[in-house]
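Structure data (mmCIF, C-alpha atoms) from structure16.cif:
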```
data_start
#
loop_
_atom_site.label_atom_id
_atom_site.label_comp_id
_atom_site.auth_asym_id
_atom_site.auth_seq_id
_atom_site.Cartn_x
_atom_site.Cartn_y
_atom_site.Cartn_z
CA MET R 124 1.30 -25.34 29.96
CA SER R 125 1.24 -28.53 27.95
CA VAL R 126 4.19 -29.42 25.75
CA ASP R 127 1.69 -29.74 22.89
CA PHE R 128 0.81 -26.09 23.35
CA ASN R 129 4.51 -25.25 23.21
CA TYR R 130 4.80 -26.99 19.84
CA LEU R 131 1.76 -25.11 18.55
CA ILE R 132 3.06 -21.74 19.71
CA VAL R 133 6.65 -22.20 18.55
CA GLY R 134 5.47 -23.60 15.22
CA THR R 135 3.07 -20.73 14.63
CA LEU R 136 5.65 -18.10 15.56
CA SER R 137 8.20 -19.71 13.24
CA ILE R 138 5.82 -20.05 10.30
CA HIS R 139 4.53 -16.51 10.77
CA THR R 140 8.07 -15.10 10.80
CA ILE R 141 9.19 -17.12 7.76
CA VAL R 142 6.10 -16.20 5.72
CA LEU R 143 6.42 -12.49 6.53
CA ALA R 144 10.17 -12.51 5.80
CA ALA R 145 9.49 -14.06 2.39
CA LEU R 146 6.72 -11.54 1.71
CA ALA R 147 8.91 -8.62 2.80
CA PHE R 148 11.69 -9.79 0.46
CA SER R 149 9.23 -10.14 -2.42
CA VAL R 150 7.57 -6.78 -1.78
CA LYS R 151 10.94 -5.03 -1.49
CA ARG R 152 11.79 -6.23 -5.01
CA ALA R 153 8.42 -5.22 -6.50
CA LYS R 154 8.51 -2.96 -9.55
CA ASP R 155 5.59 -0.88 -8.31
CA ASP R 156 6.78 1.94 -6.02
CA ARG R 157 3.43 1.96 -4.23
CA THR R 158 3.82 -1.69 -3.26
CA ARG R 159 7.54 -1.53 -2.48
CA ILE R 160 7.11 1.00 0.36
CA LEU R 161 5.26 -1.64 2.41
CA TRP R 162 8.16 -4.06 2.93
CA LYS R 163 9.33 -2.48 6.21
CA LEU R 164 5.82 -2.78 7.62
CA LEU R 165 5.87 -6.54 7.04
CA VAL R 166 9.04 -6.70 9.12
CA LEU R 167 7.36 -4.55 11.77
CA GLU R 168 4.40 -6.92 11.90
CA ALA R 169 6.77 -9.87 12.36
CA VAL R 170 8.25 -8.07 15.39
CA ILE R 171 4.90 -7.06 16.90
CA PHE R 172 3.36 -10.54 16.67
CA PRO R 173 5.47 -12.27 19.37
CA VAL R 174 5.10 -9.19 21.61
CA ALA R 175 1.33 -9.28 21.18
CA PHE R 176 1.30 -12.99 21.94
CA ALA R 177 3.38 -12.49 25.09
CA VAL R 178 0.83 -9.94 26.33
CA SER R 179 -2.04 -12.23 25.38
CA TYR R 180 -0.38 -15.16 27.15
CA TYR R 181 0.05 -13.07 30.27
CA LEU R 182 -3.58 -11.93 30.26
CA GLN R 183 -5.03 -15.32 29.31
CA PRO R 184 -2.68 -18.28 29.89
CA PRO R 185 -3.73 -21.08 27.52
CA ASN R 186 -5.23 -24.07 29.31
CA SER R 187 -6.75 -25.73 26.25
CA TRP R 188 -6.24 -25.97 22.52
CA LEU R 189 -9.03 -23.45 22.02
CA THR R 190 -7.53 -20.75 24.24
CA ALA R 191 -4.02 -21.37 22.87
CA THR R 192 -5.23 -21.06 19.29
CA ALA R 193 -7.40 -18.05 20.17
CA ASP R 194 -4.39 -16.28 21.71
CA LEU R 195 -2.40 -16.88 18.55
CA VAL R 196 -5.19 -15.70 16.24
CA TYR R 197 -5.86 -12.57 18.26
CA SER R 198 -2.13 -11.83 18.29
CA VAL R 199 -1.97 -12.16 14.51
CA VAL R 200 -4.91 -9.76 14.16
CA VAL R 201 -3.36 -7.22 16.55
CA ALA R 202 0.03 -7.47 14.81
CA TYR R 203 -1.62 -6.97 11.43
CA VAL R 204 -3.60 -3.93 12.55
CA LEU R 205 -0.75 -2.22 14.45
CA GLY R 206 2.14 -3.27 12.22
CA LEU R 207 0.65 -3.17 8.75
CA GLU R 208 -2.92 -1.89 8.41
CA ILE R 209 -2.73 1.45 10.26
CA PRO R 210 0.80 2.56 9.22
CA GLY R 211 0.19 1.13 5.74
CA PHE R 212 -2.98 3.18 5.40
CA VAL R 213 -1.04 6.31 6.36
CA LEU R 214 1.86 5.54 3.99
CA LEU R 215 -0.38 4.75 1.01
CA THR R 216 -2.51 7.84 1.64
CA ARG R 217 0.60 10.04 1.64
CA PHE R 218 1.98 8.29 -1.43
CA ASP R 219 -1.26 8.65 -3.39
CA ASP R 220 -1.69 12.26 -2.30
CA GLY R 221 1.82 12.98 -3.57
CA VAL R 222 1.09 11.39 -6.95
CA VAL R 223 -2.27 13.17 -7.25
CA GLY R 224 -0.62 16.50 -6.39
CA ALA R 225 2.02 15.95 -9.08
CA LEU R 226 -0.61 14.99 -11.66
CA GLU R 227 -2.68 18.07 -10.82
CA ASP R 228 0.42 20.24 -11.28
CA LEU R 229 1.07 18.57 -14.63
CA ARG R 230 -2.54 19.09 -15.67
CA LYS R 231 -2.34 22.81 -14.91
CA GLU R 232 0.86 23.07 -16.95
CA LEU R 233 -0.80 21.21 -19.82
CA VAL R 234 -3.79 23.56 -19.81
CA THR R 235 -1.47 26.58 -19.85
CA LEU R 236 0.57 25.00 -22.65
CA GLY R 237 -2.64 24.59 -24.63
CA TYR R 238 -3.04 28.37 -24.61
CA SER R 239 0.59 29.26 -25.22
CA PHE R 240 3.28 27.09 -26.75
CA ASP R 241 5.85 29.50 -25.29
CA HIS R 242 5.12 27.77 -21.98
CA LEU R 243 6.92 24.61 -23.18
CA LYS R 244 10.12 25.44 -21.29
CA GLN R 245 8.25 25.80 -18.00
CA PHE R 246 6.36 22.60 -18.78
CA LYS R 247 9.63 20.71 -19.21
CA GLU R 248 10.95 22.03 -15.90
CA THR R 249 7.80 20.89 -14.12
CA VAL R 250 8.02 17.45 -15.72
CA LYS R 251 11.65 17.12 -14.61
CA LYS R 252 10.72 18.13 -11.07
CA ILE R 253 7.87 15.59 -10.71
CA ASN R 254 9.26 12.85 -12.96
CA GLU R 255 9.51 10.33 -10.10
CA ARG R 256 5.82 10.79 -9.28
CA LEU R 257 4.92 10.46 -12.95
CA ALA R 258 6.84 7.19 -13.08
CA SER R 259 4.81 5.95 -10.11
CA ALA R 260 1.65 6.82 -12.04
CA GLY R 261 3.00 5.02 -15.10
CA ILE R 262 2.71 7.96 -17.49
CA ASP R 263 6.31 9.22 -17.54
CA GLY R 264 6.94 7.55 -20.90
CA LEU R 265 3.86 9.17 -22.45
CA VAL R 266 4.89 12.58 -21.12
CA ASP R 267 8.42 12.18 -22.52
CA ASP R 268 7.01 11.20 -25.91
CA PHE R 269 4.78 14.26 -25.86
CA VAL R 270 7.72 16.56 -25.12
CA LEU R 271 9.75 14.96 -27.94
CA ALA R 272 6.83 15.40 -30.34
CA CYS R 273 6.55 19.08 -29.43
CA ASP R 274 10.30 19.58 -29.89
CA ARG R 275 10.23 17.81 -33.23
CA MET R 276 7.28 19.84 -34.56
CA SER R 277 8.30 23.08 -32.85
CA ASN R 278 4.61 23.39 -32.18
CA LEU R 279 1.85 21.83 -30.11
CA ASP R 280 0.56 18.46 -31.27
CA ARG R 281 -3.12 19.00 -30.43
CA ARG R 282 -4.16 15.35 -30.68
CA PHE R 283 -1.28 14.22 -28.49
CA TRP R 284 -2.03 17.08 -26.09
CA SER R 285 -5.68 16.01 -25.75
CA LEU R 286 -4.66 12.38 -25.24
CA LEU R 287 -2.15 13.28 -22.53
CA LEU R 288 -4.56 15.64 -20.78
CA SER R 289 -7.18 12.89 -20.68
CA GLU R 290 -4.67 10.33 -19.39
CA VAL R 291 -3.45 12.65 -16.65
CA THR R 292 -7.03 13.37 -15.53
CA ILE R 293 -7.92 9.66 -15.41
CA SER R 294 -4.71 8.75 -13.55
CA SER R 295 -5.30 11.50 -10.98
CA ARG R 296 -8.84 10.27 -10.34
CA THR R 297 -7.67 6.65 -10.10
CA PHE R 298 -5.02 7.38 -7.48
CA ALA R 299 -7.38 9.59 -5.50
CA GLU R 300 -10.13 6.96 -5.37
CA GLN R 301 -8.21 3.69 -4.98
CA SER R 302 -8.17 1.83 -1.68
CA LYS R 303 -5.60 2.94 0.87
CA HIS R 304 -5.61 -0.41 2.70
CA PRO R 305 -2.34 -2.33 2.19
CA PHE R 306 -4.01 -5.72 1.71
CA PRO R 307 -7.81 -5.21 1.66
CA LYS R 308 -8.71 -8.90 1.38
CA LEU R 309 -6.79 -9.72 4.55
CA ILE R 310 -9.07 -7.43 6.54
CA ASP R 311 -12.01 -9.74 5.84
CA VAL R 312 -9.94 -12.82 6.66
CA MET R 313 -8.70 -11.36 9.95
CA SER R 314 -12.17 -10.20 10.92
CA LEU R 315 -13.74 -13.57 10.23
CA ALA R 316 -10.98 -15.44 12.03
CA GLY R 317 -11.22 -13.23 15.10
CA LEU R 318 -15.02 -13.43 15.11
CA SER R 319 -14.96 -17.22 14.82
CA PHE R 320 -12.74 -17.64 17.86
CA LEU R 321 -14.70 -15.06 19.82
CA LEU R 322 -17.90 -17.00 19.18
CA ALA R 323 -16.16 -20.24 20.15
CA GLN R 324 -15.04 -18.68 23.41
CA LEU R 325 -18.56 -17.43 24.17
CA LEU R 326 -20.10 -20.81 23.37
CA LYS R 327 -17.61 -22.49 25.67
CA LEU R 328 -18.32 -19.96 28.43
CA PHE R 329 -22.11 -20.27 28.27
CA GLY R 330 -22.38 -23.82 26.95
#
```
Translate this file's structure into structure tokens.
Amino acid sequence: MSVDFNYLIVGTLSIHTIVLAALAFSVKRAKDDRTRILWKLLVLEAVIFPVAFAVSYYLQPPNSWLTATADLVYSVVVAYVLGLEIPGFVLLTRFDDGVVGALEDLRKELVTLGYSFDHLKQFKETVKKINERLASAGIDGLVDDFVLACDRMSNLDRRFWSLLLSEVTISSRTFAEQSKHPFPKLIDVMSLAGLSFLLAQLLKLFG
């Protein structure tokens, strides 16, 4: 293999690792719980990439710039799919399902509270139990304010109750319907990159 190919491969591996390490560090420090759970998958992708390239190199030793670059691109795509896309899809689906389940529980408690204010104690216990999920949905502060308002009035604040019920319903629908792909835009980029090199290989083969 040409020394030039060595430079290309080592440079790509280095850049790929550095970029993913920086992204993993940034994602790990994200305020959004849903985003923060993905940092380990970025590390996993960084590990899979050189393994995927080694397999690709074994199956198709690069003898030109085109094949060397194609091997690298295909390896990036494989690493992304196996290290980030598939496990990320599973993680985000579980995370969203957990949040939706918590919001549905809260909604049921709210409906019951609307019929009987005596249910406030049970409502508080449910809120305490699912508070972490409510924080992920971004409505924990609103729920706490509602509880404080009820305590202060020793009665149900109907307007606040309606507002909270509506917010819980919207949040539940949003989490249920949002994309489960870790980085949706990258799917298009990877697909186009892989397709471009595949077409180049076919043109070279039949040209």
Applying 8 Å and only C-alpha atoms, which residues near stretch 147-150 of chain R remain after dropping the ones on its own chain fewer than 3 positions away? List them as number ranges by chain. R: 143-144, 153, 158-159, 161-163, 165-166
Which value, in Å to one decimal, gives the distance between atom CA of R:Asp219 and atom CA of R:Phe172? 28.1 Å
Could you check how far atom CA of R:Leu226 sits from atom CA of R:Arg152, in Å to one decimal? 25.5 Å
Pull out every residue that the PyMOL selection byres ((chain R and resi 236) around 12) matches in the shown coordinates and put them as a ChimeraX atom specification. /R:229-235,237-247,249,269-270,273,278-281,284-285,288
May I have the selected residues written with C-alpha atoms, as a tab-separated table (two decimals), in the coordinates of the input?
```tsv
chain	number	residue	atom	x	y	z
R	229	LEU	CA	1.07	18.57	-14.63
R	230	ARG	CA	-2.54	19.09	-15.67
R	231	LYS	CA	-2.34	22.81	-14.91
R	232	GLU	CA	0.86	23.07	-16.95
R	233	LEU	CA	-0.80	21.21	-19.82
R	234	VAL	CA	-3.79	23.56	-19.81
R	235	THR	CA	-1.47	26.58	-19.85
R	237	GLY	CA	-2.64	24.59	-24.63
R	238	TYR	CA	-3.04	28.37	-24.61
R	239	SER	CA	0.59	29.26	-25.22
R	240	PHE	CA	3.28	27.09	-26.75
R	241	ASP	CA	5.85	29.50	-25.29
R	242	HIS	CA	5.12	27.77	-21.98
R	243	LEU	CA	6.92	24.61	-23.18
R	244	LYS	CA	10.12	25.44	-21.29
R	245	GLN	CA	8.25	25.80	-18.00
R	246	PHE	CA	6.36	22.60	-18.78
R	247	LYS	CA	9.63	20.71	-19.21
R	249	THR	CA	7.80	20.89	-14.12
R	269	PHE	CA	4.78	14.26	-25.86
R	270	VAL	CA	7.72	16.56	-25.12
R	273	CYS	CA	6.55	19.08	-29.43
R	278	ASN	CA	4.61	23.39	-32.18
R	279	LEU	CA	1.85	21.83	-30.11
R	280	ASP	CA	0.56	18.46	-31.27
R	281	ARG	CA	-3.12	19.00	-30.43
R	284	TRP	CA	-2.03	17.08	-26.09
R	285	SER	CA	-5.68	16.01	-25.75
R	288	LEU	CA	-4.56	15.64	-20.78
```
Check the smallest atom-to-atom distance from each of R:Lys154, R:Val170, R:Val200, R:Val250 to R:Ser137 using all atoms listed in the file, then report the winner.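 Among R:Lys154, R:Val170, R:Val200, R:Val250, it is R:Val170 that comes nearest to R:Ser137.
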List the neighbours of R:Arg256 out to 8 Å using all atoms listed in the file; skip same-chain residues closer than 4 positions along the sequence, and give me the result as an MDAnalysis selection string. chainID R and resid 221:222 225 260
d(atom CA of R:Ser294, atom CA of R:Leu146) in Å: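 Spanning atom CA of R:Ser294 to atom CA of R:Leu146 is a straight-line distance of 27.8 Å.
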Can you pull out the residues contacting R:Ser302? Cut-off 12 Å, using all atoms listed in the file, and skip same-chain residues under 3 positions away; I want them as an NGL selection string. :R and (157 or 208 or 211-213 or 215-216 or 219 or 297-299 or 305-308)
Generate the output file for the selected residues, C-alpha atoms, as a JSON list (two decimals), keeping the file's coordinate frame.
```
[["chain", "number", "residue", "atom", "x", "y", "z"],
["R", 157, "ARG", "CA", 3.43, 1.96, -4.23],
["R", 208, "GLU", "CA", -2.92, -1.89, 8.41],
["R", 211, "GLY", "CA", 0.19, 1.13, 5.74],
["R", 212, "PHE", "CA", -2.98, 3.18, 5.40],
["R", 213, "VAL", "CA", -1.04, 6.31, 6.36],
["R", 215, "LEU", "CA", -0.38, 4.75, 1.01],
["R", 216, "THR", "CA", -2.51, 7.84, 1.64],
["R", 219, "ASP", "CA", -1.26, 8.65, -3.39],
["R", 297, "THR", "CA", -7.67, 6.65, -10.10],
["R", 298, "PHE", "CA", -5.02, 7.38, -7.48],
["R", 299, "ALA", "CA", -7.38, 9.59, -5.50],
["R", 305, "PRO", "CA", -2.34, -2.33, 2.19],
["R", 306, "PHE", "CA", -4.01, -5.72, 1.71],
["R", 307, "PRO", "CA", -7.81, -5.21, 1.66],
["R", 308, "LYS", "CA", -8.71, -8.90, 1.38]]
```
Enclose all atoms of stretch 128-142 of chain R listed in the file in an axis-aligned box, grow every side by 4 Å, and hand back centre and edge lengths in Å to one decimal, as JSON.
```
{"center_x": 5.0, "center_y": -21.0, "center_z": 14.5, "size_x": 16.4, "size_y": 19.9, "size_z": 25.6}
```
Residues matched by the PyMOL selection byres ((chain R and resi 204) around 12) as a PyMOL selection string: chain R and resi 164-165+167-169+171-172+175+197-203+205-212+304-307+309-310+313-314
Starting from the displayed file, determine the output of the PyMOL selection byres ((chain R and resi 194) around 12) and express the residue list as a PDB file with C-alpha atoms, in the coordinates of the input.
```
ATOM      1  CA  PHE R 128       0.810 -26.090  23.350  1.00  0.00           C
ATOM      2  CA  LEU R 131       1.760 -25.110  18.550  1.00  0.00           C
ATOM      3  CA  ILE R 132       3.060 -21.740  19.710  1.00  0.00           C
ATOM      4  CA  THR R 135       3.070 -20.730  14.630  1.00  0.00           C
ATOM      5  CA  LEU R 136       5.650 -18.100  15.560  1.00  0.00           C
ATOM      6  CA  PHE R 172       3.360 -10.540  16.670  1.00  0.00           C
ATOM      7  CA  PRO R 173       5.470 -12.270  19.370  1.00  0.00           C
ATOM      8  CA  VAL R 174       5.100  -9.190  21.610  1.00  0.00           C
ATOM      9  CA  ALA R 175       1.330  -9.280  21.180  1.00  0.00           C
ATOM     10  CA  PHE R 176       1.300 -12.990  21.940  1.00  0.00           C
ATOM     11  CA  ALA R 177       3.380 -12.490  25.090  1.00  0.00           C
ATOM     12  CA  VAL R 178       0.830  -9.940  26.330  1.00  0.00           C
ATOM     13  CA  SER R 179      -2.040 -12.230  25.380  1.00  0.00           C
ATOM     14  CA  TYR R 180      -0.380 -15.160  27.150  1.00  0.00           C
ATOM     15  CA  TYR R 181       0.050 -13.070  30.270  1.00  0.00           C
ATOM     16  CA  LEU R 182      -3.580 -11.930  30.260  1.00  0.00           C
ATOM     17  CA  GLN R 183      -5.030 -15.320  29.310  1.00  0.00           C
ATOM     18  CA  PRO R 184      -2.680 -18.280  29.890  1.00  0.00           C
ATOM     19  CA  PRO R 185      -3.730 -21.080  27.520  1.00  0.00           C
ATOM     20  CA  ASN R 186      -5.230 -24.070  29.310  1.00  0.00           C
ATOM     21  CA  SER R 187      -6.750 -25.730  26.250  1.00  0.00           C
ATOM     22  CA  TRP R 188      -6.240 -25.970  22.520  1.00  0.00           C
ATOM     23  CA  LEU R 189      -9.030 -23.450  22.020  1.00  0.00           C
ATOM     24  CA  THR R 190      -7.530 -20.750  24.240  1.00  0.00           C
ATOM     25  CA  ALA R 191      -4.020 -21.370  22.870  1.00  0.00           C
ATOM     26  CA  THR R 192      -5.230 -21.060  19.290  1.00  0.00           C
ATOM     27  CA  ALA R 193      -7.400 -18.050  20.170  1.00  0.00           C
ATOM     28  CA  LEU R 195      -2.400 -16.880  18.550  1.00  0.00           C
ATOM     29  CA  VAL R 196      -5.190 -15.700  16.240  1.00  0.00           C
ATOM     30  CA  TYR R 197      -5.860 -12.570  18.260  1.00  0.00           C
ATOM     31  CA  SER R 198      -2.130 -11.830  18.290  1.00  0.00           C
ATOM     32  CA  VAL R 199      -1.970 -12.160  14.510  1.00  0.00           C
ATOM     33  CA  VAL R 200      -4.910  -9.760  14.160  1.00  0.00           C
ATOM     34  CA  VAL R 201      -3.360  -7.220  16.550  1.00  0.00           C
ATOM     35  CA  ALA R 316     -10.980 -15.440  12.030  1.00  0.00           C
ATOM     36  CA  GLY R 317     -11.220 -13.230  15.100  1.00  0.00           C
ATOM     37  CA  PHE R 320     -12.740 -17.640  17.860  1.00  0.00           C
ATOM     38  CA  LEU R 321     -14.700 -15.060  19.820  1.00  0.00           C
ATOM     39  CA  GLN R 324     -15.040 -18.680  23.410  1.00  0.00           C
TER      40      GLN R 324
END
```
Given the point (7.2, 12.0, -24.4) in the coordinates of this file, which residues lie within 12 Å, counting all atoms listed in the file, and how would they look as a PyMOL selection string? chain R and resi 247+250-251+254+257+262-275+280+283-284+286-287
Completion step: stretch 231-254 of chain R with N, CA, C and O atoms as a PDB file, in the frame of the given file:
```pdb
ATOM      1  N   LYS R 231      -2.312  21.351 -14.808  1.00  0.00           N
ATOM      2  CA  LYS R 231      -2.340  22.810 -14.910  1.00  0.00           C
ATOM      3  C   LYS R 231      -1.355  23.307 -15.955  1.00  0.00           C
ATOM      4  O   LYS R 231      -1.654  24.223 -16.737  1.00  0.00           O
ATOM      5  N   GLU R 232      -0.156  22.685 -15.963  1.00  0.00           N
ATOM      6  CA  GLU R 232       0.860  23.070 -16.950  1.00  0.00           C
ATOM      7  C   GLU R 232       0.395  22.738 -18.360  1.00  0.00           C
ATOM      8  O   GLU R 232       0.657  23.495 -19.313  1.00  0.00           O
ATOM      9  N   LEU R 233      -0.287  21.600 -18.503  1.00  0.00           N
ATOM     10  CA  LEU R 233      -0.800  21.210 -19.820  1.00  0.00           C
ATOM     11  C   LEU R 233      -1.846  22.198 -20.326  1.00  0.00           C
ATOM     12  O   LEU R 233      -1.867  22.568 -21.508  1.00  0.00           O
ATOM     13  N   VAL R 234      -2.738  22.603 -19.438  1.00  0.00           N
ATOM     14  CA  VAL R 234      -3.790  23.560 -19.810  1.00  0.00           C
ATOM     15  C   VAL R 234      -3.153  24.877 -20.254  1.00  0.00           C
ATOM     16  O   VAL R 234      -3.534  25.466 -21.287  1.00  0.00           O
ATOM     17  N   THR R 235      -2.162  25.337 -19.489  1.00  0.00           N
ATOM     18  CA  THR R 235      -1.470  26.580 -19.850  1.00  0.00           C
ATOM     19  C   THR R 235      -0.755  26.430 -21.181  1.00  0.00           C
ATOM     20  O   THR R 235      -0.766  27.346 -22.024  1.00  0.00           O
ATOM     21  N   LEU R 236      -0.126  25.260 -21.390  1.00  0.00           N
ATOM     22  CA  LEU R 236       0.570  25.000 -22.650  1.00  0.00           C
ATOM     23  C   LEU R 236      -0.399  24.999 -23.826  1.00  0.00           C
ATOM     24  O   LEU R 236      -0.033  25.371 -24.947  1.00  0.00           O
ATOM     25  N   GLY R 237      -1.632  24.588 -23.570  1.00  0.00           N
ATOM     26  CA  GLY R 237      -2.640  24.590 -24.630  1.00  0.00           C
ATOM     27  C   GLY R 237      -2.970  25.988 -25.104  1.00  0.00           C
ATOM     28  O   GLY R 237      -3.388  26.181 -26.256  1.00  0.00           O
ATOM     29  N   TYR R 238      -2.785  26.982 -24.236  1.00  0.00           N
ATOM     30  CA  TYR R 238      -3.040  28.370 -24.610  1.00  0.00           C
ATOM     31  C   TYR R 238      -1.820  29.035 -25.226  1.00  0.00           C
ATOM     32  O   TYR R 238      -1.946  29.922 -26.076  1.00  0.00           O
ATOM     33  N   SER R 239      -0.633  28.622 -24.738  1.00  0.00           N
ATOM     34  CA  SER R 239       0.590  29.260 -25.220  1.00  0.00           C
ATOM     35  C   SER R 239       1.723  28.245 -25.329  1.00  0.00           C
ATOM     36  O   SER R 239       2.166  27.696 -24.317  1.00  0.00           O
ATOM     37  N   PHE R 240       2.198  28.038 -26.550  1.00  0.00           N
ATOM     38  CA  PHE R 240       3.280  27.090 -26.750  1.00  0.00           C
ATOM     39  C   PHE R 240       4.589  27.597 -26.161  1.00  0.00           C
ATOM     40  O   PHE R 240       5.516  26.826 -25.902  1.00  0.00           O
ATOM     41  N   ASP R 241       4.649  28.908 -25.900  1.00  0.00           N
ATOM     42  CA  ASP R 241       5.850  29.500 -25.290  1.00  0.00           C
ATOM     43  C   ASP R 241       6.058  28.968 -23.875  1.00  0.00           C
ATOM     44  O   ASP R 241       7.135  29.147 -23.294  1.00  0.00           O
ATOM     45  N   HIS R 242       5.044  28.308 -23.340  1.00  0.00           N
ATOM     46  CA  HIS R 242       5.120  27.770 -21.980  1.00  0.00           C
ATOM     47  C   HIS R 242       5.838  26.412 -21.942  1.00  0.00           C
ATOM     48  O   HIS R 242       5.977  25.815 -20.875  1.00  0.00           O
ATOM     49  N   LEU R 243       6.306  25.943 -23.098  1.00  0.00           N
ATOM     50  CA  LEU R 243       6.920  24.610 -23.180  1.00  0.00           C
ATOM     51  C   LEU R 243       8.122  24.466 -22.251  1.00  0.00           C
ATOM     52  O   LEU R 243       8.305  23.427 -21.620  1.00  0.00           O
ATOM     53  N   LYS R 244       8.933  25.509 -22.153  1.00  0.00           N
ATOM     54  CA  LYS R 244      10.120  25.440 -21.290  1.00  0.00           C
ATOM     55  C   LYS R 244       9.722  25.211 -19.840  1.00  0.00           C
ATOM     56  O   LYS R 244      10.303  24.369 -19.144  1.00  0.00           O
ATOM     57  N   GLN R 245       8.726  25.955 -19.362  1.00  0.00           N
ATOM     58  CA  GLN R 245       8.250  25.800 -18.000  1.00  0.00           C
ATOM     59  C   GLN R 245       7.632  24.417 -17.800  1.00  0.00           C
ATOM     60  O   GLN R 245       7.781  23.795 -16.750  1.00  0.00           O
ATOM     61  N   PHE R 246       6.959  23.938 -18.838  1.00  0.00           N
ATOM     62  CA  PHE R 246       6.360  22.600 -18.780  1.00  0.00           C
ATOM     63  C   PHE R 246       7.436  21.536 -18.598  1.00  0.00           C
ATOM     64  O   PHE R 246       7.293  20.618 -17.776  1.00  0.00           O
ATOM     65  N   LYS R 247       8.526  21.660 -19.320  1.00  0.00           N
ATOM     66  CA  LYS R 247       9.630  20.710 -19.210  1.00  0.00           C
ATOM     67  C   LYS R 247      10.230  20.730 -17.809  1.00  0.00           C
ATOM     68  O   LYS R 247      10.575  19.676 -17.255  1.00  0.00           O
ATOM     69  N   GLU R 248      10.376  21.910 -17.242  1.00  0.00           N
ATOM     70  CA  GLU R 248      10.950  22.030 -15.900  1.00  0.00           C
ATOM     71  C   GLU R 248      10.047  21.369 -14.859  1.00  0.00           C
ATOM     72  O   GLU R 248      10.537  20.703 -13.929  1.00  0.00           O
ATOM     73  N   THR R 249       8.749  21.535 -15.034  1.00  0.00           N
ATOM     74  CA  THR R 249       7.800  20.890 -14.120  1.00  0.00           C
ATOM     75  C   THR R 249       7.864  19.384 -14.245  1.00  0.00           C
ATOM     76  O   THR R 249       7.849  18.659 -13.238  1.00  0.00           O
ATOM     77  N   VAL R 250       7.943  18.900 -15.476  1.00  0.00           N
ATOM     78  CA  VAL R 250       8.020  17.450 -15.720  1.00  0.00           C
ATOM     79  C   VAL R 250       9.284  16.877 -15.073  1.00  0.00           C
ATOM     80  O   VAL R 250       9.245  15.814 -14.437  1.00  0.00           O
ATOM     81  N   LYS R 251      10.393  17.580 -15.208  1.00  0.00           N
ATOM     82  CA  LYS R 251      11.650  17.120 -14.610  1.00  0.00           C
ATOM     83  C   LYS R 251      11.547  17.060 -13.094  1.00  0.00           C
ATOM     84  O   LYS R 251      12.067  16.145 -12.448  1.00  0.00           O
ATOM     85  N   LYS R 252      10.841  18.037 -12.518  1.00  0.00           N
ATOM     86  CA  LYS R 252      10.720  18.130 -11.070  1.00  0.00           C
ATOM     87  C   LYS R 252       9.853  16.999 -10.490  1.00  0.00           C
ATOM     88  O   LYS R 252      10.110  16.500  -9.392  1.00  0.00           O
ATOM     89  N   ILE R 253       8.824  16.585 -11.225  1.00  0.00           N
ATOM     90  CA  ILE R 253       7.870  15.590 -10.710  1.00  0.00           C
ATOM     91  C   ILE R 253       7.987  14.257 -11.436  1.00  0.00           C
ATOM     92  O   ILE R 253       7.085  13.418 -11.345  1.00  0.00           O
ATOM     93  N   ASN R 254       9.124  14.051 -12.121  1.00  0.00           N
ATOM     94  CA  ASN R 254       9.260  12.850 -12.960  1.00  0.00           C
ATOM     95  C   ASN R 254       9.111  11.552 -12.165  1.00  0.00           C
ATOM     96  O   ASN R 254       8.548  10.569 -12.658  1.00  0.00           O
TER      97      ASN R 254
END
```
